[in-house]
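Working notes, structure below.
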Amino acid sequence: MPFHDRRDAGRRLVERLRGFRGPDVVVLAVPRGGVPVAYEVATALGVPMEVEVVRKLRVPFQPGLVFGAIGAHEVKVIDEPILLRAFVSDPERLRVEREARNTLSRSILRYRGERTPARLDGKTAVIVDDGVATGATARAAIEVARSRGADRVVLAVPVGSPRAIRSLSRAADNVVCLETPALFHSIAQWYQRFDDVTDATVLELLTRSTPPTPPAALPQTDPVL
């Protein structure tokens with residue numbers, strides 16, 4: 001087991017990300033599992049963190065099989081071969097997409113609240129998740145970051161399937177992956193502890209990662225003579 005838990009994975013991932021720091025870098029955490037990993041990365045690099053919410057599109061009656069993912073800005077990634085092999089009809093696909101869009105909207109509201117997403121124009125977006133299996137959510141997150149104007153998109157994960165990582169290396173400007181085991185079955189198998197990450201934990205880490213607002217400057221006054 002290469003990683004004890006997600007925090008351990010994040011701390012080890014930092015060692016490969018030391019070059020990505022500065023005012024032009026933003027860490028985008030893929031909730032929920034990617035948030036504890038991203039928190040360690042953002043804290044160590046001293047850069048802001050926010051969430052990039054994406055949703056998997058699961059085959060009806062086979063929830064373990066993913067045929068794509070969606071994100072904000074109408075981003076949609078579809079694996080057509082899986083749709084064909086799973087015999088997913090157009091009405092079924094549209095229903096899954098519609099339900100996922102509704103869930104996506106609620107999740108964005110829950111995690112971001114009234115906060116305005118950071119502007120990514122001219123910035124480097126470092127997308128962090130706890131691992132990559134099919135690569136659908138990572139690809140959607142990459143496309144969302146580009147649609148938000150990111151000048152450079154980096155995908156950083158502790159572990160991923162070799163096939164998915166090879167594919168994602170063509171979508172992102174850089175891919176940092178610590179482990180690409182040949183016998184990859186699931187992300188969880190590469191963690192000693194892989195507990196569910198709750199919404200409360202996500203919100204807590206987002207709050208802790210938000211830099212304090214600097215006090216407003218006092219107005220200039222003429223000196224008293």
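Just remember, in the structure tokens the first chain shown is A, the second B, etc., residues are 1-based per chain, and ligands are 1-based in the order shown.
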For region 13-82 of chain A versus region 156-165 of chain A, which residues have an atom no more than 12 Å away, and what is each residue's nearest atom pair and distance in Å rounded to one decimal, using only C-alpha atoms, chain-then-number order, as JSON lines?
{"residue": "A:Leu13", "atom": "CA", "partner": "A:Pro158", "partner_atom": "CA", "distance": 6.3}
{"residue": "A:Val14", "atom": "CA", "partner": "A:Ala156", "partner_atom": "CA", "distance": 9.3}
{"residue": "A:Glu15", "atom": "CA", "partner": "A:Pro158", "partner_atom": "CA", "distance": 11.3}
{"residue": "A:Arg16", "atom": "CA", "partner": "A:Ala156", "partner_atom": "CA", "distance": 9.0}
{"residue": "A:Leu17", "atom": "CA", "partner": "A:Ala156", "partner_atom": "CA", "distance": 8.3}
{"residue": "A:Phe20", "atom": "CA", "partner": "A:Ala156", "partner_atom": "CA", "distance": 11.0}
{"residue": "A:Val27", "atom": "CA", "partner": "A:Ala156", "partner_atom": "CA", "distance": 9.8}
{"residue": "A:Leu28", "atom": "CA", "partner": "A:Ala156", "partner_atom": "CA", "distance": 10.0}
{"residue": "A:Ala29", "atom": "CA", "partner": "A:Ala156", "partner_atom": "CA", "distance": 9.9}
{"residue": "A:Val30", "atom": "CA", "partner": "A:Val157", "partner_atom": "CA", "distance": 10.5}
{"residue": "A:Gly33", "atom": "CA", "partner": "A:Val157", "partner_atom": "CA", "distance": 11.1}
{"residue": "A:Gly34", "atom": "CA", "partner": "A:Val157", "partner_atom": "CA", "distance": 8.6}
{"residue": "A:Val35", "atom": "CA", "partner": "A:Val157", "partner_atom": "CA", "distance": 11.5}
{"residue": "A:Pro36", "atom": "CA", "partner": "A:Val157", "partner_atom": "CA", "distance": 11.9}
{"residue": "A:Val37", "atom": "CA", "partner": "A:Val157", "partner_atom": "CA", "distance": 8.5}
{"residue": "A:Ala38", "atom": "CA", "partner": "A:Ala156", "partner_atom": "CA", "distance": 9.0}
{"residue": "A:Val41", "atom": "CA", "partner": "A:Ala156", "partner_atom": "CA", "distance": 9.6}
{"residue": "A:Ala42", "atom": "CA", "partner": "A:Ala156", "partner_atom": "CA", "distance": 11.8}
Exercise for the section: Name the residues of region 96-212 of chain A that come out as strand (DSSP E) in a backbone DSSP run; write them as a list in words. Expected result: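 DSSP on the backbone gives strand (DSSP E) at Thr124, Ala125, Val126, Ile127, Val128, Arg152, Val153, Val154, Leu155, Ala156, Val157, Pro158, Val159, Asn174, Val175, Val176, Cys177, Leu178 and Glu179 of chain A.
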Could you please take those selected residues and save N, CA and C atoms as a tab-separated table (two decimals), in the first residue's frame?
chain	number	residue	atom	x	y	z
A	124	THR	N	-1.98	29.26	-13.92
A	124	THR	CA	-1.76	27.83	-13.99
A	124	THR	C	-2.73	27.15	-13.04
A	125	ALA	N	-3.56	26.29	-13.56
A	125	ALA	CA	-4.52	25.55	-12.75
A	125	ALA	C	-3.96	24.16	-12.47
A	126	VAL	N	-3.78	23.84	-11.19
A	126	VAL	CA	-3.30	22.52	-10.79
A	126	VAL	C	-4.49	21.72	-10.28
A	127	ILE	N	-4.97	20.78	-11.08
A	127	ILE	CA	-6.13	19.98	-10.73
A	127	ILE	C	-5.67	18.78	-9.92
A	128	VAL	N	-6.26	18.59	-8.73
A	128	VAL	CA	-5.82	17.52	-7.84
A	128	VAL	C	-6.99	16.61	-7.49
A	152	ARG	N	-2.39	27.43	-18.38
A	152	ARG	CA	-1.71	26.14	-18.29
A	152	ARG	C	-2.49	25.25	-17.33
A	153	VAL	N	-2.68	23.99	-17.67
A	153	VAL	CA	-3.44	23.06	-16.83
A	153	VAL	C	-2.56	21.87	-16.48
A	154	VAL	N	-2.42	21.65	-15.17
A	154	VAL	CA	-1.62	20.55	-14.66
A	154	VAL	C	-2.54	19.60	-13.91
A	155	LEU	N	-2.45	18.31	-14.20
A	155	LEU	CA	-3.19	17.30	-13.45
A	155	LEU	C	-2.23	16.62	-12.50
A	156	ALA	N	-2.58	16.58	-11.21
A	156	ALA	CA	-1.72	15.98	-10.20
A	156	ALA	C	-2.51	14.97	-9.39
A	157	VAL	N	-2.11	13.71	-9.43
A	157	VAL	CA	-2.80	12.65	-8.69
A	157	VAL	C	-1.77	11.70	-8.10
A	158	PRO	N	-2.10	11.08	-6.96
A	158	PRO	CA	-1.16	10.12	-6.37
A	158	PRO	C	-1.04	8.83	-7.18
A	159	VAL	N	-2.15	8.36	-7.74
A	159	VAL	CA	-2.15	7.07	-8.42
A	159	VAL	C	-3.15	7.09	-9.58
A	174	ASN	N	0.63	19.27	-18.31
A	174	ASN	CA	1.52	18.43	-17.52
A	174	ASN	C	0.67	17.45	-16.70
A	175	VAL	N	1.15	16.24	-16.54
A	175	VAL	CA	0.51	15.27	-15.66
A	175	VAL	C	1.56	14.77	-14.68
A	176	VAL	N	1.23	14.90	-13.39
A	176	VAL	CA	2.10	14.39	-12.33
A	176	VAL	C	1.35	13.27	-11.64
A	177	CYS	N	1.88	12.05	-11.73
A	177	CYS	CA	1.26	10.89	-11.12
A	177	CYS	C	2.35	10.06	-10.45
A	178	LEU	N	2.22	9.83	-9.15
A	178	LEU	CA	3.27	9.14	-8.41
A	178	LEU	C	3.33	7.65	-8.71
A	179	GLU	N	2.18	7.02	-8.88
A	179	GLU	CA	2.12	5.58	-9.08
A	179	GLU	C	1.21	5.25	-10.26
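Ranking A:Leu94, A:Ala44, A:Ala150, A:Val132 by their shortest atom-to-atom distance to Arg119 (chain A), with only C-alpha atoms included, puts A:Ala150 first.
Close contacts of Gly71 (chain A), defined as residues with an atom at most 8 Å away when counting only C-alpha atoms, with chain neighbours fewer than 6 positions off set aside, comprise A:Val53, A:Val54, A:Arg55, A:Leu104, A:Ala140, A:Ala141, A:Val144.
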Go ahead and write the selection's residues with C-alpha atoms as a tab-separated table (two decimals), in the first residue's frame.
chain	number	residue	atom	x	y	z
A	53	VAL	CA	-17.00	20.17	-9.29
A	54	VAL	CA	-17.53	17.44	-11.87
A	55	ARG	CA	-19.97	14.53	-11.94
A	104	LEU	CA	-23.85	19.26	-10.28
A	140	ALA	CA	-13.91	17.05	-17.60
A	141	ALA	CA	-12.06	19.05	-14.93
A	144	VAL	CA	-13.57	23.23	-17.36
Handout entry: Residue with smallest distance to Leu206 (chain A) - pool A:Glu99, A:Asp5, A:Asp24, A:Glu40, counting only C-alpha atoms
Key =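 When distances to Leu206 (chain A) are compared using only C-alpha atoms, the smallest one comes from A:Glu40.
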Handout entry: alpha helix (DSSP H) positions in region 42-216 of chain A, given as a ChimeraX atom specification
Key = /A:42-45,80-85,90-112,136-147,162-168,199-209
Problem - Surrounding residues of Gly64 (chain A) excluding itself and chain neighbours under 6 positions, 12 Å, only C-alpha atoms, as a ChimeraX atom specification - result: /A:56-58,86,133-134,186
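Taking only C-alpha atoms into account, Leu168 (chain A) lies nearest to A:Arg139 out of the set A:His4, A:Arg193, A:Arg139, A:Arg32.
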Practice task
Have a look at A:Ala72, A:Gly22, A:Leu205, A:Ser107 and name the one nearest to Ala145 (chain A); count only C-alpha atoms.
Solution key: A:Ala72
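Nearest-residue note for Glu143 (chain A): choosing from A:Val51, A:Val197, A:Val75, A:Leu65, the minimum distance belongs to A:Val75, counting only C-alpha atoms.
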